[in-house]
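Student: Right, I'll just put the structure down here and ask away after.
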Protein chains: 4
Amino acid sequence: MSAPKKVVLAYSGGLDTSIILKWLQTEYGCEVVTFTADLGQGEELEPARQKAELLGIRPENIYIEDVREEFVRDFVFPMFRANAVYEGLYLLGTSIARPLISKRLVEIAEETGADAVAHGATGKGNDQVRFELSAYALNPNIKVIAPWREWDLTSRTKLLDFAEKNQIPIARDKRGEAPFSVDANLLHTSSEGKVLENPADMAPDYVYQRTVNPEEAPDAPEFIEVTFEKGDAVALNGKALTPANLLTSLNEYGRKHGIGRLDFVENRFVGMKSRGIYETPGGTILLEAHRGIEQITLDSGAGHLKDSLMPRYAELIYNGFWFSPEREMLQAAIDKSQEHVSGTVRLKLYKGSVFTVGRWSEASLYSEKHVTFEEDAGAYDQKDAAGFIQLNALRLKLLAARNRRLK
Amino acid sequence: MSAPKKVVLAYSGGLDTSIILKWLQTEYGCEVVTFTADLGQGEELEPARQKAELLGIRPENIYIEDVREEFVRDFVFPMFRANAVYEGLYLLGTSIARPLISKRLVEIAEETGADAVAHGATGKGNDQVRFELSAYALNPNIKVIAPWREWDLTSRTKLLDFAEKNQIPIARDKRGEAPFSVDANLLHTSSEGKVLENPADMAPDYVYQRTVNPEEAPDAPEFIEVTFEKGDAVALNGKALTPANLLTSLNEYGRKHGIGRLDFVENRFVGMKSRGIYETPGGTILLEAHRGIEQITLDSGAGHLKDSLMPRYAELIYNGFWFSPEREMLQAAIDKSQEHVSGTVRLKLYKGSVFTVGRWSEASLYSEKHVTFEEDAGAYDQKDAAGFIQLNALRLKLLAARNRRLK
Amino acid sequence: MSAPKKVVLAYSGGLDTSIILKWLQTEYGCEVVTFTADLGQGEELEPARQKAELLGIRPENIYIEDVREEFVRDFVFPMFRANAVYEGLYLLGTSIARPLISKRLVEIAEETGADAVAHGATGKGNDQVRFELSAYALNPNIKVIAPWREWDLTSRTKLLDFAEKNQIPIARDKRGEAPFSVDANLLHTSSEGKVLENPADMAPDYVYQRTVNPEEAPDAPEFIEVTFEKGDAVALNGKALTPANLLTSLNEYGRKHGIGRLDFVENRFVGMKSRGIYETPGGTILLEAHRGIEQITLDSGAGHLKDSLMPRYAELIYNGFWFSPEREMLQAAIDKSQEHVSGTVRLKLYKGSVFTVGRWSEASLYSEKHVTFEEDAGAYDQKDAAGFIQLNALRLKLLAARNRRLK
Amino acid sequence: MSAPKKVVLAYSGGLDTSIILKWLQTEYGCEVVTFTADLGQGEELEPARQKAELLGIRPENIYIEDVREEFVRDFVFPMFRANAVYEGLYLLGTSIARPLISKRLVEIAEETGADAVAHGATGKGNDQVRFELSAYALNPNIKVIAPWREWDLTSRTKLLDFAEKNQIPIARDKRGEAPFSVDANLLHTSSEGKVLENPADMAPDYVYQRTVNPEEAPDAPEFIEVTFEKGDAVALNGKALTPANLLTSLNEYGRKHGIGRLDFVENRFVGMKSRGIYETPGGTILLEAHRGIEQITLDSGAGHLKDSLMPRYAELIYNGFWFSPEREMLQAAIDKSQEHVSGTVRLKLYKGSVFTVGRWSEASLYSEKHVTFEEDAGAYDQKDAAGFIQLNALRLKLLAARNRRLK
């Protein structure tokens, strides 16, 4: 790979990406464009602008954007249509944010004539894969710089030395090492590393940042109603909300009731197991609600097909293949299933849990007339079941007869 | 189908199966053998013996058996190795008990020279299918009598009339109709029908029988440890227990902490949706624990394959195909994966929830050496990730180049 | 089910459906509308009109339609996009025609105010299921009459008696029983029953009707080129053709070279195995050609997903679930994959076989630059493979280390 | 990776692996052990011994083994139980041989105290992955040397220079470059590269080495019978044969009749498409025969599950994951299905094609009694089909009613 001439850097304004910024300038002598996105991580963005300017980035090369609505509308919601969970439990909060960042990095590169993009993910994790696969899928000629895989700043001391040598301001609390590493966006906060590295040990309470401890949550349950249209949440307690506002409100409910904590050991795409603490307050409520509305609006054929496709869909997102033909194929199938997934779900929130307690819809497939224990006025002829069973049993009888014959 | 001469009836001792018993005698003039099983439903069995005798069953034709250990060991545990949930949420508590009952019905038929078996499931539900597919799979020549599909006792009044005419004792509380219908065994209690038929309405609290309301559960969390060997739970808090005893203990913990409640609308195999309230206290804890131990002992290749097979496996059990070649094929695959799923999981139980908070195992695949944020002494070469990503990206680059070319 | 008042009958003009026509009139005293479709079965349709008139059907109640283009365009081609084969070998020629017939039956019923449709499929086969599931999926209130399951004309003699009693003309060659039963349309001819019932016996040569015996096919191979756009064949040897004309031409090539014969034992949806002889001359060529063009235009991610979905897709069509949400979901995924499946395939036809011998496309993903054994000018860095392998191997190494440790 | 001290090399005796042998000695100064296997590639092995001795390998370090029986029994046959084909058409002849070679390399390394193994596969192909994943899965501490990824002998000229400089004998016909590259074993011969690199061009006839051109095959068909036990072929024309001998005989039949040629463009695991010419004469016959016997002995539930698992199973083998938990899980499922796959298939071989024309078995599930068009004496009650269809249709009716209501 030839040296990059102009690089768009995913820039948080923090110490690490500031070091990367400077390293790109010094290592490659290249022009740097910074991209700082508000994905709902709960940090001010303007300090990132000042920091970038301080590090010599020209104002027209500083991109700061609020992408929360795009994030929820075009990434989070499509994923939730699938009820996607990775390895049975993880709601993919980090995974789903990476393709959006890469998409903007590549777009900005094309707008600014940059030939490369750069990110601050390490060589051990999944995020490097997600950033880079997305970038290459969107622009096959783009270069991707992953400084953590390249440089020799392999210890905290070396990093701080580099920062000092290059006049990068170091916040006092960054002198020491953080006791764990954090990623956050509107969907979730993940924490991993350091104090969390022994999966036998209970995570210390200070690790949790987005949710109250269930034991400190209100002693009374709270009930909310989420309304869906075509598989996407559109209103909360009867009030229409944009995607990001809706998720923000659900996050507030989730935080208050201690909902969405997960202590998890997962399989990274790069081949190792890692332990993370995830907090997905609003997403956990949303998943329960979506399942609740599908229960009455989705046919079993569609539902069972969705269930069987979901693990692969979740794996694709986890592994970084959002922008792949197979994810798009699965999305087409999933979206097709959601045409009538509309209606309202009532949920009970209480001390770490969310339960569906009611659901109703114009598009309901639930037929009380058929299922009732009461007289059904001929809606269903119980004698049909005899034939249904006989023909389902036929092959089993033939098998049993064969197996008896051979004994 | 010619008339049966001798029938083995799945007999609970309750009013409905007593009516069936008598109806079989009167309708077919056939000899009746009763089979009453203790599956952990929490009822005395001896009254069933007295009732059967009262209805004229000869003592040698009365079979009363405690099958709890067999139930958990040979049905529940194999199913939990798969982390089986139906339609995302239901732990299959009713479904998994039916094949065992059918197996014993068929075996007793063969021992007693009966040519038929009979059950008390209605023509609208799944249980008739489960009973009958199992019976036919085990004995292709057996006749199955499903009185609810045959007789004209189509209202409560007619049933009570029949009972009175035939001197069947009617408990006072059975005069009126129950407000909902219940099935129970060691794994779960299900409630459905009547007051539960509108899925928009919250289930009344009196429906729940196996768990305290989370709001009334202890205010302090409780921690327990479940130990697994080859995928099956073998000890609780360090004490070895038989399968049924272990599940019984987990049920106690679950009951106390209000764990395992589910308000659910599901798709029946016979084509309609129905709403049920399920309580699976111990099973819910067991599922979480099993997932927890798999997190460190199961490889991602095995785990992801299991996840993708699970929906079909669960559907087979739900639909009544326990004794089918495809369930056995899936079981072989699943069991193969469990050879090293051994170790201990620590769980927090609190007001309706169960969380894994730690797990450890001799057979752990978690490698702190590889995953650490600290210096890893060469265990993992971050530069390998570059090649890994490049080759995973190659096809995406070729796609992107093709798609750009065609624009 | 209340008696039908007006019935739309799938009417071939043959003896069997003429008897059904008359039986509907006499049994139910209902008005009959006939629908006769040209699906490419190779029979004149006008005699059916005369026959229907003779049996008292009013001219406005006689529907005769050429649906060949719709059949190929909307049913056959979508199915071939999936490379659908049932149980590894069967190209679903009968299965795919049934939903179209049902669709027209239901549409004509709605146009003519009929409350029922009727078909001539027996109670043992798959076609009854396909006809009826399609009809119910399109109109939940329609009645379906399946005379073969209802009447008492259970022997050839009784059928002929009924025909004679009702002045239904009987062609001389229909007096005796056919040595096997045939279904045909533009995609295939199937033969089954009678002389074919022992699957150990080789099918007699006279069973084959659509293809010459390979041994009598030309001694020289012939080469043809099929061109695709978005997954559908659009031209043959460079000449654009409509869907039905293209399939007709392929059928001619296939017939001449003895291509597309299949002697097959399959599993019917109703639970039994049956043996059929299928001839799918053009379809067999089309499947090979489609695979050939996908080889260079479809990415591996998309292709492998398609391959894994195909068996379920084929099963749905075989079982009669064309008009089901899950078939439509799969179709959405499959169609999504075909956006760039365009280009030309060269095929060799010779004595029963069809081989792809070349393929080319503007949309090709094949990169000679990457794959070449020659110097590749840096297109591919072989060192990347080392990292790719190391990370793919990591979990296997951790497994091996664990397993060694436990020994 | 530290330098290897003793290396076991997969050694063919040809020029390329001789150069590798010498390069290992000179590059690493390490001791070399050679392993030369007879996998049925049709070459004498003794010249490899002489060549190795000539290159200074000590006699006790020269391993020459006939592994044909192990190859067919433990690798080919288990794979054929699955009817495995990659991307619809490729019978995996190369893929399935690699794990066996790696297994022996690792075993010999352990026997001889070697710390590394080496292979002659390039950095662009799948074989490097297969060799190395297998080796690491069997010994997590083994080093793998892949000279083609490491050295600077990047052109034919440099290779020949190295050979001359090191006194490696060069056969006269190896001076020039081969027009394509070949891999062969008892299952197949593959050819790729050079003259085959343009997938639009028909492969020249001289590429085919294992089969006669169908046009030159006998003008009369030949019939053979293959007998299976538990899914494996055990006899040919009634004569019991060992696995390797049976496949050898089938290869003879296939060669003679021009069976098993495939011109194919496939997706390599490393991300690019490549074009290969495969000849799998006996394997193609074996696959057809296995499908034939499964048609009558395998139940539809088992068969459909197998069909749906097959693409993933084939992909695992293609990608080099033979020794992985997920392949072993799938194998357990597949093997479970084969317990009654026993019986005989009659096949017609003719000018490039193989057709099943008959099959019979003690374990047949085919029931003429059920399927017959004749009177079936009550084996099957056609009225059962009505109930079967009604309940299968119920959800479709509810869907249709919902969709009409919403219009």
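Please note that chains go A, B, ... in the order of the structure tokens, that every chain numbers its residues from 1, and that ligands are numbered from 1 in the order shown.
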Counting only C-alpha atoms, which residues in chain D sit no more than 6 Å from chain B? For each one, give the nearest pair of atoms and the distance in Å, sorted by chain then residue number, as CSV.

Tutor:
```
residue,atom,partner,partner_atom,distance
D:Val270,CA,B:Leu391,CA,5.5
D:Gly271,CA,B:Arg395,CA,4.9
D:Gly301,CA,B:Glu326,CA,5.5
D:Ala302,CA,B:Glu326,CA,4.7
D:Pro325,CA,B:Ala302,CA,5.6
D:Glu326,CA,B:Ala302,CA,4.7
D:Met329,CA,B:Ala333,CA,4.3
D:Leu330,CA,B:Ala333,CA,5.9
D:Ala332,CA,B:Ala333,CA,5.4
D:Ala333,CA,B:Met329,CA,4.3
D:Lys336,CA,B:Met329,CA,5.7
D:Leu391,CA,B:Val270,CA,5.5
D:Leu394,CA,B:Gly271,CA,5.1
D:Arg395,CA,B:Gly271,CA,4.9
```

Student: Give me a file of those residues, with N, CA and C atoms, as a PDB file, in the first residue's frame.

Tutor:
```pdb
ATOM      1  N   VAL D 270     -10.558 -17.582   0.173  1.00  0.00           N
ATOM      2  CA  VAL D 270      -9.744 -16.370   0.309  1.00  0.00           C
ATOM      3  C   VAL D 270     -10.333 -15.185  -0.447  1.00  0.00           C
ATOM      4  N   GLY D 271     -11.508 -15.341  -1.048  1.00  0.00           N
ATOM      5  CA  GLY D 271     -12.230 -14.162  -1.514  1.00  0.00           C
ATOM      6  C   GLY D 271     -12.291 -13.924  -3.006  1.00  0.00           C
ATOM      7  N   GLY D 301     -38.433 -36.300   6.836  1.00  0.00           N
ATOM      8  CA  GLY D 301     -37.967 -35.390   7.881  1.00  0.00           C
ATOM      9  C   GLY D 301     -36.451 -35.394   7.954  1.00  0.00           C
ATOM     10  N   ALA D 302     -35.888 -36.595   7.946  1.00  0.00           N
ATOM     11  CA  ALA D 302     -34.435 -36.716   7.972  1.00  0.00           C
ATOM     12  C   ALA D 302     -33.824 -36.171   6.686  1.00  0.00           C
ATOM     13  N   PRO D 325     -15.377 -28.414  15.519  1.00  0.00           N
ATOM     14  CA  PRO D 325     -16.525 -28.960  16.258  1.00  0.00           C
ATOM     15  C   PRO D 325     -17.808 -28.910  15.443  1.00  0.00           C
ATOM     16  N   GLU D 326     -17.982 -27.887  14.624  1.00  0.00           N
ATOM     17  CA  GLU D 326     -19.239 -27.789  13.895  1.00  0.00           C
ATOM     18  C   GLU D 326     -19.325 -28.837  12.789  1.00  0.00           C
ATOM     19  N   MET D 329     -20.266 -31.928  14.621  1.00  0.00           N
ATOM     20  CA  MET D 329     -21.684 -31.907  14.997  1.00  0.00           C
ATOM     21  C   MET D 329     -22.559 -32.305  13.809  1.00  0.00           C
ATOM     22  N   LEU D 330     -22.270 -31.695  12.660  1.00  0.00           N
ATOM     23  CA  LEU D 330     -23.068 -32.031  11.475  1.00  0.00           C
ATOM     24  C   LEU D 330     -22.875 -33.496  11.097  1.00  0.00           C
ATOM     25  N   ALA D 332     -22.287 -35.926  13.100  1.00  0.00           N
ATOM     26  CA  ALA D 332     -23.070 -36.740  14.042  1.00  0.00           C
ATOM     27  C   ALA D 332     -24.526 -36.794  13.598  1.00  0.00           C
ATOM     28  N   ALA D 333     -25.046 -35.664  13.157  1.00  0.00           N
ATOM     29  CA  ALA D 333     -26.431 -35.630  12.692  1.00  0.00           C
ATOM     30  C   ALA D 333     -26.594 -36.470  11.424  1.00  0.00           C
ATOM     31  N   LYS D 336     -26.251 -40.199  12.048  1.00  0.00           N
ATOM     32  CA  LYS D 336     -27.474 -40.692  12.694  1.00  0.00           C
ATOM     33  C   LYS D 336     -28.536 -41.031  11.648  1.00  0.00           C
ATOM     34  N   LEU D 391     -56.265 -27.700   8.223  1.00  0.00           N
ATOM     35  CA  LEU D 391     -55.440 -27.132   9.297  1.00  0.00           C
ATOM     36  C   LEU D 391     -54.168 -26.489   8.756  1.00  0.00           C
ATOM     37  N   LEU D 394     -55.361 -23.078   7.696  1.00  0.00           N
ATOM     38  CA  LEU D 394     -56.001 -22.157   8.634  1.00  0.00           C
ATOM     39  C   LEU D 394     -55.262 -20.828   8.746  1.00  0.00           C
ATOM     40  N   ARG D 395     -53.954 -20.899   8.925  1.00  0.00           N
ATOM     41  CA  ARG D 395     -53.212 -19.641   9.072  1.00  0.00           C
ATOM     42  C   ARG D 395     -53.250 -18.807   7.790  1.00  0.00           C
TER      43      ARG D 395
END
```

Student: For segment 280-288 of chain D, please output as a list in words all residues within 8 Å (counting only C-alpha atoms; exclusion window: fewer than 3 positions along the same chain).

Tutor: Phe80, Asn83, Leu91, Gly93, Leu187, His188, Thr189, Arg210, Thr211, Ala233, Leu247, Thr248, Ser249, Leu250, Asn251, Glu252, Tyr253, Gly254, Arg255, Gly258, Ile259, Gly260, Arg261, Arg291, Gly292, Val354, Phe355 and Thr356 of chain D

Student: Those same residues - N, CA, C and O atoms - I'd like them written as a CSV table (one decimal), in the first residue's frame.

Tutor:
```
chain,number,residue,atom,x,y,z
D,80,PHE,N,-19.7,-38.3,1.6
D,80,PHE,CA,-20.7,-38.7,0.7
D,80,PHE,C,-22.0,-39.1,1.4
D,80,PHE,O,-23.1,-39.0,0.8
D,83,ASN,N,-24.2,-36.2,0.9
D,83,ASN,CA,-24.4,-35.8,-0.5
D,83,ASN,C,-23.8,-34.4,-0.7
D,83,ASN,O,-24.4,-33.5,-1.4
D,91,LEU,N,-17.7,-31.6,-6.2
D,91,LEU,CA,-17.8,-32.8,-5.3
D,91,LEU,C,-16.6,-32.8,-4.3
D,91,LEU,O,-16.4,-33.8,-3.6
D,93,GLY,N,-13.3,-32.9,-4.3
D,93,GLY,CA,-12.3,-33.9,-4.4
D,93,GLY,C,-10.9,-33.4,-3.8
D,93,GLY,O,-10.2,-34.2,-3.1
D,187,LEU,N,-10.3,-39.7,-5.5
D,187,LEU,CA,-11.6,-39.2,-5.8
D,187,LEU,C,-11.7,-38.3,-7.0
D,187,LEU,O,-12.7,-38.4,-7.7
D,188,HIS,N,-10.7,-37.6,-7.3
D,188,HIS,CA,-10.8,-36.7,-8.5
D,188,HIS,C,-9.5,-36.2,-9.0
D,188,HIS,O,-8.4,-36.3,-8.4
D,189,THR,N,-9.6,-35.5,-10.2
D,189,THR,CA,-8.5,-34.7,-10.7
D,189,THR,C,-9.0,-33.3,-10.9
D,189,THR,O,-10.0,-33.2,-11.5
D,210,ARG,N,-8.9,-37.9,-16.7
D,210,ARG,CA,-9.4,-39.1,-15.9
D,210,ARG,C,-10.6,-39.7,-16.6
D,210,ARG,O,-11.1,-40.7,-16.1
D,211,THR,N,-11.1,-39.0,-17.6
D,211,THR,CA,-12.3,-39.5,-18.2
D,211,THR,C,-12.2,-39.4,-19.8
D,211,THR,O,-11.5,-38.4,-20.2
D,233,ALA,N,-21.1,-47.3,0.5
D,233,ALA,CA,-21.1,-48.3,-0.6
D,233,ALA,C,-20.2,-49.5,-0.1
D,233,ALA,O,-19.1,-49.3,0.4
D,247,LEU,N,-14.1,-47.6,-4.8
D,247,LEU,CA,-14.0,-46.3,-5.6
D,247,LEU,C,-13.1,-46.4,-6.8
D,247,LEU,O,-13.4,-45.9,-7.9
D,248,THR,N,-12.1,-47.3,-6.7
D,248,THR,CA,-11.3,-47.5,-7.9
D,248,THR,C,-12.1,-48.1,-9.0
D,248,THR,O,-11.9,-47.7,-10.2
D,249,SER,N,-12.9,-49.1,-8.7
D,249,SER,CA,-13.7,-49.7,-9.7
D,249,SER,C,-14.7,-48.7,-10.3
D,249,SER,O,-14.9,-48.7,-11.5
D,250,LEU,N,-15.3,-47.9,-9.4
D,250,LEU,CA,-16.3,-46.9,-10.0
D,250,LEU,C,-15.6,-45.9,-10.9
D,250,LEU,O,-16.1,-45.5,-11.9
D,251,ASN,N,-14.3,-45.6,-10.5
D,251,ASN,CA,-13.5,-44.7,-11.3
D,251,ASN,C,-13.3,-45.3,-12.7
D,251,ASN,O,-13.4,-44.6,-13.7
D,252,GLU,N,-13.1,-46.6,-12.8
D,252,GLU,CA,-12.9,-47.2,-14.1
D,252,GLU,C,-14.2,-47.1,-14.9
D,252,GLU,O,-14.2,-46.8,-16.1
D,253,TYR,N,-15.4,-47.4,-14.3
D,253,TYR,CA,-16.6,-47.2,-15.0
D,253,TYR,C,-16.8,-45.8,-15.5
D,253,TYR,O,-17.3,-45.5,-16.6
D,254,GLY,N,-16.5,-44.9,-14.6
D,254,GLY,CA,-16.7,-43.5,-14.9
D,254,GLY,C,-15.8,-43.0,-16.0
D,254,GLY,O,-16.3,-42.3,-16.9
D,255,ARG,N,-14.6,-43.4,-15.9
D,255,ARG,CA,-13.6,-43.0,-17.0
D,255,ARG,C,-14.1,-43.5,-18.3
D,255,ARG,O,-14.2,-42.7,-19.3
D,258,GLY,N,-17.1,-41.6,-19.6
D,258,GLY,CA,-17.0,-40.1,-19.7
D,258,GLY,C,-17.8,-39.4,-18.6
D,258,GLY,O,-18.3,-38.3,-18.8
D,259,ILE,N,-17.9,-40.0,-17.5
D,259,ILE,CA,-18.8,-39.5,-16.4
D,259,ILE,C,-18.0,-38.6,-15.4
D,259,ILE,O,-16.9,-39.0,-15.0
D,260,GLY,N,-18.6,-37.5,-15.0
D,260,GLY,CA,-18.0,-36.7,-13.9
D,260,GLY,C,-17.2,-35.5,-14.2
D,260,GLY,O,-16.4,-35.0,-13.4
D,261,ARG,N,-17.3,-35.1,-15.5
D,261,ARG,CA,-16.6,-33.8,-15.9
D,261,ARG,C,-17.4,-32.6,-15.4
D,261,ARG,O,-18.6,-32.6,-15.5
D,291,ARG,N,-27.9,-41.0,-3.5
D,291,ARG,CA,-29.2,-40.4,-3.5
D,291,ARG,C,-30.3,-41.4,-3.9
D,291,ARG,O,-31.4,-41.3,-3.3
D,292,GLY,N,-30.0,-42.3,-4.8
D,292,GLY,CA,-30.9,-43.3,-5.1
D,292,GLY,C,-31.4,-44.2,-4.0
D,292,GLY,O,-32.5,-44.5,-3.8
D,354,VAL,N,-25.0,-40.5,-15.6
D,354,VAL,CA,-25.3,-41.7,-14.8
D,354,VAL,C,-26.7,-41.4,-14.3
D,354,VAL,O,-27.1,-40.4,-13.8
D,355,PHE,N,-27.6,-42.4,-14.5
D,355,PHE,CA,-29.0,-42.3,-14.1
D,355,PHE,C,-29.4,-43.5,-13.2
D,355,PHE,O,-29.0,-44.6,-13.5
D,356,THR,N,-30.1,-43.2,-12.1
D,356,THR,CA,-30.7,-44.3,-11.3
D,356,THR,C,-31.9,-44.8,-12.1
D,356,THR,O,-32.7,-44.0,-12.5
```

Student: So the first atom is atom CA of Ala217 of chain C and the second is atom CA of Arg346 of chain C; what is the distance between them in Å, to one decimal place?

Tutor: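 Straight-line distance from atom CA of Ala217 of chain C to atom CA of Arg346 of chain C works out to 19.8 Å.
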
Student: With distances taken over only C-alpha atoms, which of A:Pro214, A:Val117, A:Glu87, A:Ala97 is nearest to Tyr11 of chain A?

Tutor: A:Val117

Student: Can you tell me, as a PyMOL selection string, which residues in segment 173-372 of chain C count as strand (DSSP E) by DSSP?

Tutor: chain C and resi 181-184+189-192+222-229+232-236+239-240+261-267+273-279+343-350+353-360

Student: Could you pull out all residues of segment 271-401 of chain C with a DSSP call of helix (DSSP H, G or I) and give them as a PyMOL selection string?

Tutor: chain C and resi 281-297+300-319+325-337+368-371+383-401

Student: Take the residues from that selection and put them in a file with C-alpha atoms, as a compact mmCIF listing (two decimals), in the first residue's frame.

Tutor:
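See part_32.txt below for the written result:
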```txt
# COMPACT_ATOMS: atom_id res chain seq x y z
CA PRO C 281 -36.02 -30.83 -21.05
CA GLY C 282 -35.85 -27.04 -21.23
CA GLY C 283 -35.88 -26.60 -17.47
CA THR C 284 -32.85 -28.82 -17.03
CA ILE C 285 -30.94 -26.72 -19.54
CA LEU C 286 -32.17 -23.54 -17.90
CA LEU C 287 -31.05 -24.64 -14.43
CA GLU C 288 -27.56 -25.47 -15.67
CA ALA C 289 -27.37 -22.16 -17.52
CA HIS C 290 -28.56 -20.18 -14.51
CA ARG C 291 -26.00 -21.81 -12.29
CA GLY C 292 -23.40 -21.04 -14.93
CA ILE C 293 -24.17 -17.34 -15.02
CA GLU C 294 -24.39 -17.12 -11.25
CA GLN C 295 -20.90 -18.61 -11.04
CA ILE C 296 -19.38 -15.40 -12.35
CA THR C 297 -21.93 -12.77 -11.29
CA SER C 300 -20.05 -16.04 -2.47
CA GLY C 301 -21.92 -14.53 0.46
CA ALA C 302 -25.07 -14.20 -1.59
CA GLY C 303 -24.58 -17.54 -3.28
CA HIS C 304 -24.03 -19.50 -0.10
CA LEU C 305 -27.04 -17.90 1.54
CA LYS C 306 -29.13 -18.80 -1.50
CA ASP C 307 -27.88 -22.37 -1.39
CA SER C 308 -28.82 -22.69 2.25
CA LEU C 309 -32.30 -21.24 1.72
CA MET C 310 -33.06 -23.24 -1.39
CA PRO C 311 -34.16 -26.54 0.17
CA ARG C 312 -36.77 -24.78 2.27
CA TYR C 313 -37.91 -22.70 -0.70
CA ALA C 314 -38.28 -25.82 -2.83
CA GLU C 315 -40.13 -27.62 -0.06
CA LEU C 316 -42.58 -24.72 0.25
CA ILE C 317 -43.37 -24.88 -3.45
CA TYR C 318 -43.63 -28.66 -3.41
CA ASN C 319 -45.97 -28.56 -0.42
CA PRO C 325 -45.61 -15.14 3.59
CA GLU C 326 -42.53 -17.27 4.02
CA ARG C 327 -42.27 -18.07 0.30
CA GLU C 328 -42.61 -14.39 -0.41
CA MET C 329 -39.92 -13.56 2.15
CA LEU C 330 -37.56 -16.03 0.55
CA GLN C 331 -38.45 -14.70 -2.88
CA ALA C 332 -37.60 -11.18 -1.75
CA ALA C 333 -34.19 -12.39 -0.60
CA ILE C 334 -33.59 -14.37 -3.77
CA ASP C 335 -34.70 -11.60 -6.08
CA LYS C 336 -32.44 -9.18 -4.23
CA SER C 337 -29.51 -11.43 -5.09
CA GLU C 368 -8.28 -12.82 -13.70
CA LYS C 369 -5.97 -10.19 -12.26
CA HIS C 370 -6.43 -11.67 -8.80
CA VAL C 371 -6.57 -15.36 -9.54
CA LYS C 383 1.17 -12.55 2.93
CA ASP C 384 -2.36 -11.53 3.84
CA ALA C 385 -3.22 -15.19 3.77
CA ALA C 386 -0.99 -15.86 6.76
CA GLY C 387 -3.00 -13.50 8.96
CA PHE C 388 -6.25 -14.77 7.52
CA ILE C 389 -5.33 -18.31 8.44
CA GLN C 390 -3.96 -17.42 11.86
CA LEU C 391 -7.17 -15.75 12.95
CA ASN C 392 -9.37 -18.44 11.46
CA ALA C 393 -7.22 -20.95 13.30
CA LEU C 394 -7.21 -19.19 16.64
CA ARG C 395 -10.35 -20.78 18.02
CA LEU C 396 -9.23 -24.19 16.75
CA LYS C 397 -5.93 -23.79 18.54
CA LEU C 398 -7.68 -22.77 21.75
CA LEU C 399 -9.92 -25.83 21.39
CA ALA C 400 -6.99 -28.13 20.77
CA ALA C 401 -5.13 -26.72 23.74
```

Student: Which residues are near Arg130 of chain A? Cut-off 9 Å, only C-alpha atoms, ignore same chain within fewer than 2 positions. Put them as number ranges by chain.

Tutor: A: 95, 98-99, 102, 126-128, 132-135, 317-322

Student: How many Å lie between atom CA of Glu110 of chain B and atom CA of Lys5 of chain B, rounded to one decimal?

Tutor: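 According to the coordinates, atom CA of Glu110 of chain B and atom CA of Lys5 of chain B are separated by 13.2 Å.
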
Student: Measuring atom to atom with only C-alpha atoms, identify which of A:Asn166, A:Ser18, A:Asn139, A:Asn213 is nearest to Gly352 of chain A.

Tutor: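 For Gly352 of chain A, the nearest of the candidates is A:Asn213.
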
Student: I'd like the neighbourhood of Pro199 of chain A as a list in words, where a residue qualifies if any of its atoms comes within 9 Å (using only C-alpha atoms), though same-chain residues fewer than 2 positions away should be ignored.

Tutor: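 Within the cut-off, the hits are Leu196, Glu197, Asp201, Met202, Ala203, Asp263, Phe264, Val265, Ser274, Arg275 and Gly276 of chain A; Ile296, Val357, Gly358, Arg359, Trp360 and Tyr366 of chain B.
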
Student: One number please: atom CA of Pro221 of chain B to atom CA of Val226 of chain A, in Å, one decimal.

Tutor: 29.7 Å

Student: Excluding Ala178 of chain A and its own-chain neighbours fewer than 6 positions away, which residues fall within 12 Å of it when counting only C-alpha atoms? Please give them as an MDAnalysis selection string.

Tutor: (chainID A and resid 156 172 191:196 207) or (chainID B and resid 373)
